[in-house]
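Asks: Provided herewith: run-v3.txt, compact mmCIF, C-alpha atoms.
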```
# COMPACT_ATOMS: atom_id res chain seq x y z
CA MET A 1 108.85 139.68 28.00
CA THR A 2 106.09 141.11 30.20
CA SER A 3 102.36 141.17 29.59
CA SER A 4 99.38 142.75 31.29
CA ILE A 5 95.67 143.17 30.80
CA ALA A 6 95.55 146.79 29.71
CA THR A 7 91.97 147.37 28.57
CA ILE A 8 88.62 145.74 29.31
CA ALA A 9 85.60 146.32 27.05
CA LEU A 10 82.41 147.25 28.90
CA LEU A 11 79.14 147.27 26.97
CA VAL A 12 77.17 150.50 27.33
CA ALA A 13 73.88 151.74 25.88
CA GLU A 14 75.20 155.16 24.84
CA TYR A 15 78.66 156.69 24.93
CA ASP A 16 77.79 160.08 26.39
CA GLU A 17 75.71 158.82 29.33
CA ALA A 18 78.44 156.30 30.17
CA ILE A 19 81.10 159.02 30.04
CA VAL A 20 79.05 161.20 32.40
CA PHE A 21 78.67 158.33 34.87
CA TYR A 22 82.28 157.19 34.88
CA ARG A 23 83.81 160.68 34.79
CA ASP A 24 81.40 162.67 36.97
CA GLN A 25 80.08 160.06 39.41
CA ALA A 26 82.76 157.37 39.61
CA GLY A 27 85.52 160.00 39.38
CA PHE A 28 87.40 158.38 36.50
CA ALA A 29 89.50 160.29 33.99
CA LEU A 30 88.41 160.39 30.37
CA LEU A 31 91.54 159.25 28.54
CA ALA A 32 90.25 159.16 24.96
CA ASP A 33 87.12 159.87 22.97
CA THR A 34 87.95 159.31 19.31
CA ASP A 35 85.45 159.18 16.47
CA MET A 36 85.97 155.93 14.56
CA GLY A 37 83.36 156.68 11.90
CA GLY A 38 80.04 154.98 11.36
CA GLY A 39 78.79 156.05 14.79
CA LYS A 40 81.55 154.20 16.64
CA ARG A 41 83.91 155.82 19.12
CA TRP A 42 87.02 154.73 21.00
CA VAL A 43 86.21 155.84 24.55
CA LEU A 44 88.68 155.00 27.31
CA VAL A 45 88.24 155.81 31.00
CA ALA A 46 90.32 154.89 34.05
CA PRO A 47 90.63 155.81 37.70
CA PRO A 48 92.90 158.85 38.11
CA GLY A 49 96.49 158.12 38.99
CA GLY A 50 95.97 154.42 38.56
CA ASN A 51 98.26 152.05 36.79
CA GLY A 52 95.75 149.25 36.26
CA ALA A 53 93.49 148.36 33.39
CA ARG A 54 91.44 150.92 31.52
CA LEU A 55 87.80 150.53 30.45
CA LEU A 56 86.81 150.74 26.81
CA LEU A 57 83.22 151.95 26.82
CA ALA A 58 81.81 149.98 23.89
CA ARG A 59 78.33 150.88 22.66
CA ALA A 60 76.31 147.71 22.23
CA ASP A 61 75.77 146.73 18.61
CA GLY A 62 72.73 144.57 17.97
CA PRO A 63 70.14 142.83 20.13
CA GLU A 64 72.46 140.22 21.67
CA GLN A 65 74.91 142.82 22.92
CA ARG A 66 72.08 145.09 24.13
CA LYS A 67 70.69 142.20 26.22
CA ALA A 68 74.08 141.86 27.94
CA ILE A 69 74.32 145.51 29.06
CA GLY A 70 74.45 145.53 32.86
CA ASN A 71 74.77 141.77 33.10
CA GLN A 72 78.02 140.85 31.42
CA THR A 73 78.90 138.43 34.24
CA GLY A 74 75.51 136.92 35.01
CA GLY A 75 74.92 139.05 38.10
CA ARG A 76 78.30 138.56 39.78
CA VAL A 77 80.68 141.33 40.73
CA MET A 78 82.43 142.17 37.47
CA LEU A 79 85.17 144.65 38.26
CA PHE A 80 87.21 145.58 41.32
CA LEU A 81 88.09 149.22 41.97
CA GLU A 82 91.08 149.20 44.31
CA THR A 83 91.87 152.18 46.52
CA ASP A 84 94.41 153.00 49.20
CA ASP A 85 91.83 155.13 51.08
CA PHE A 86 88.63 153.13 51.38
CA SER A 87 86.69 155.49 53.65
CA GLY A 88 87.63 158.61 51.66
CA THR A 89 86.90 157.03 48.28
CA HIS A 90 83.63 155.54 49.53
CA ALA A 91 82.48 158.88 50.97
CA ALA A 92 83.37 160.73 47.75
CA MET A 93 81.53 158.19 45.61
CA VAL A 94 78.43 158.35 47.81
CA ALA A 95 78.53 162.18 47.61
CA ARG A 96 78.62 161.95 43.80
CA GLY A 97 75.56 159.68 43.74
CA ILE A 98 77.06 156.20 43.42
CA ARG A 99 74.61 153.56 44.66
CA PHE A 100 76.17 151.06 47.04
CA LEU A 101 74.28 147.81 47.55
CA GLU A 102 75.65 147.24 51.04
CA GLU A 103 77.36 148.94 53.92
CA PRO A 104 81.17 148.72 53.96
CA ARG A 105 82.45 145.51 55.50
CA HIS A 106 85.82 144.34 56.69
CA GLU A 107 86.97 140.96 55.44
CA PRO A 108 90.24 139.11 56.03
CA TYR A 109 91.43 140.38 52.62
CA GLY A 110 90.45 144.03 53.19
CA SER A 111 87.65 146.61 53.33
CA VAL A 112 84.99 146.21 50.66
CA ALA A 113 81.55 147.37 49.51
CA VAL A 114 79.60 146.46 46.37
CA PHE A 115 78.25 149.23 44.13
CA GLU A 116 76.46 149.37 40.79
CA ASP A 117 77.24 151.37 37.69
CA LEU A 118 74.50 153.11 35.72
CA TYR A 119 73.52 149.86 33.97
CA GLY A 120 73.54 147.59 37.02
CA ASN A 121 76.98 146.01 36.61
CA LYS A 122 78.30 145.15 40.06
CA TRP A 123 81.67 146.41 41.24
CA ASP A 124 83.68 145.96 44.43
CA LEU A 125 85.28 149.03 45.93
CA ILE A 126 88.14 147.48 47.83
CA GLU A 127 91.13 148.46 49.94
CA PRO A 128 93.23 145.33 50.25
CA ARG A 129 94.69 144.52 53.64
CA SER A 130 98.39 145.25 53.57
```
Spit out the file's structure as structure tokens when you get a sec.
Replies:
Amino acid sequence: MTSSIATIALLVAEYDEAIVFYRDQAGFALLADTDMGGGKRWVLVAPPGGNGARLLLARADGPEQRKAIGNQTGGRVMLFLETDDFSGTHAAMVARGIRFLEEPRHEPYGSVAVFEDLYGNKWDLIEPRS
């Protein structure tokens, strides 16, 4: 038997603005956008060509969930976007308007730079050292 983490829910304020950010700025593929009724949708995005986890863009429901948008991990880096071409991916993301919080740095584990999504969630763009 094998198992994997396939999908991670990410709270968003509105589906369409989140789709625009992840598809048009982050460069992700829109895998699904299915009406579930009652204003809910099943919206999946993932980096193109990747074989890792997908993001379920989940519109916040109620005041507690709305308060957590952009701060699901208490201000820590939440997600790690791995690439095999750090400089090319970084340059493309900057060109599409992604806001990086720091200049790229080289650590013993690889090249990395922190960026924010449209709600302020922190991500690492990382190319692991081989």
Asks: If we count all atoms listed in the file and set the cut-off at 9 Å, which residues sit around Ser87 of chain A, ignoring sequence neighbours fewer than 4 positions away in its own chain? Please answer as a list in words.
Replies: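 Those residues are Ala91, Ala92, Pro104 and Ser111 of chain A.
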Asks: What gap, in Å, lies between atom CA of Ala68 of chain A and atom CA of Ala13 of chain A?
Replies: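 Atom-to-atom, atom CA of Ala68 of chain A to atom CA of Ala13 of chain A, that is 10.1 Å.
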Asks: Report, in Å with one decimal, the straight-line distance from atom CA of Leu57 of chain A to atom CA of Gly88 of chain A.
Replies: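 Distance between the two atoms: 26.1 Å.
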Asks: Please check which residues have atoms at most 8 Å from (89.4, 151.8, 50.4) in the file's coordinates, counting only C-alpha atoms, and write them as number ranges by chain.
Replies: A: 82-90, 111-112, 125-128
Asks: Using only C-alpha atoms, can you tell me which of A:Leu10, A:Val114, A:Leu55, A:Leu30 comes closest to Arg76 of chain A?
Replies: A:Val114
Asks: For Val94 of chain A, which residue out of A:Gly39, A:Gly52, A:Gly120, A:Gly27 is the nearest one, using only C-alpha atoms?
Replies: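 Answer, going by the shortest atom-to-atom distance: A:Gly27.
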Asks: Of the residues A:Phe115, A:Gly62, A:Leu101, A:Arg41, which is the one nearest to Tyr15 of chain A, using all atoms listed in the file?
Replies: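 Smallest distance to Tyr15 of chain A is found for A:Arg41.
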Asks: Measure the distance from atom CA of Val20 of chain A to atom CA of Val45 of chain A in Å and round it to one decimal.
Replies: 10.7 Å
Asks: Can you pull out every residue within 12 Å of Gly75 of chain A, counting only C-alpha atoms, but drop anything in the same chain fewer than 6 positions away, and send it as a VMD selection string?
Replies: chain A and resid 68 to 69 116 119 to 123
Asks: Using only C-alpha atoms for the distances, tell me which of A:Met1, A:Leu118, A:Met93, A:Ala113 is nearest to Ile19 of chain A.
Replies: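 Of A:Met1, A:Leu118, A:Met93, A:Ala113, the one nearest Ile19 of chain A is A:Leu118, counting only C-alpha atoms.
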Asks: Do you know which residues are at most 10 Å from Thr34 of chain A counting only C-alpha atoms, after dropping those on the same chain fewer than 5 positions away, and could you put them as a PDB file with C-alpha atoms, in the frame of the given file?
Replies:
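Below you can see part12.pdb, which holds the result:
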```pdb
ATOM      1  CA  LYS A  40      81.550 154.200  16.640  1.00  0.00           C
ATOM      2  CA  ARG A  41      83.910 155.820  19.120  1.00  0.00           C
ATOM      3  CA  TRP A  42      87.020 154.730  21.000  1.00  0.00           C
ATOM      4  CA  VAL A  43      86.210 155.840  24.550  1.00  0.00           C
ATOM      5  CA  LEU A  44      88.680 155.000  27.310  1.00  0.00           C
TER       6      LEU A  44
END
```
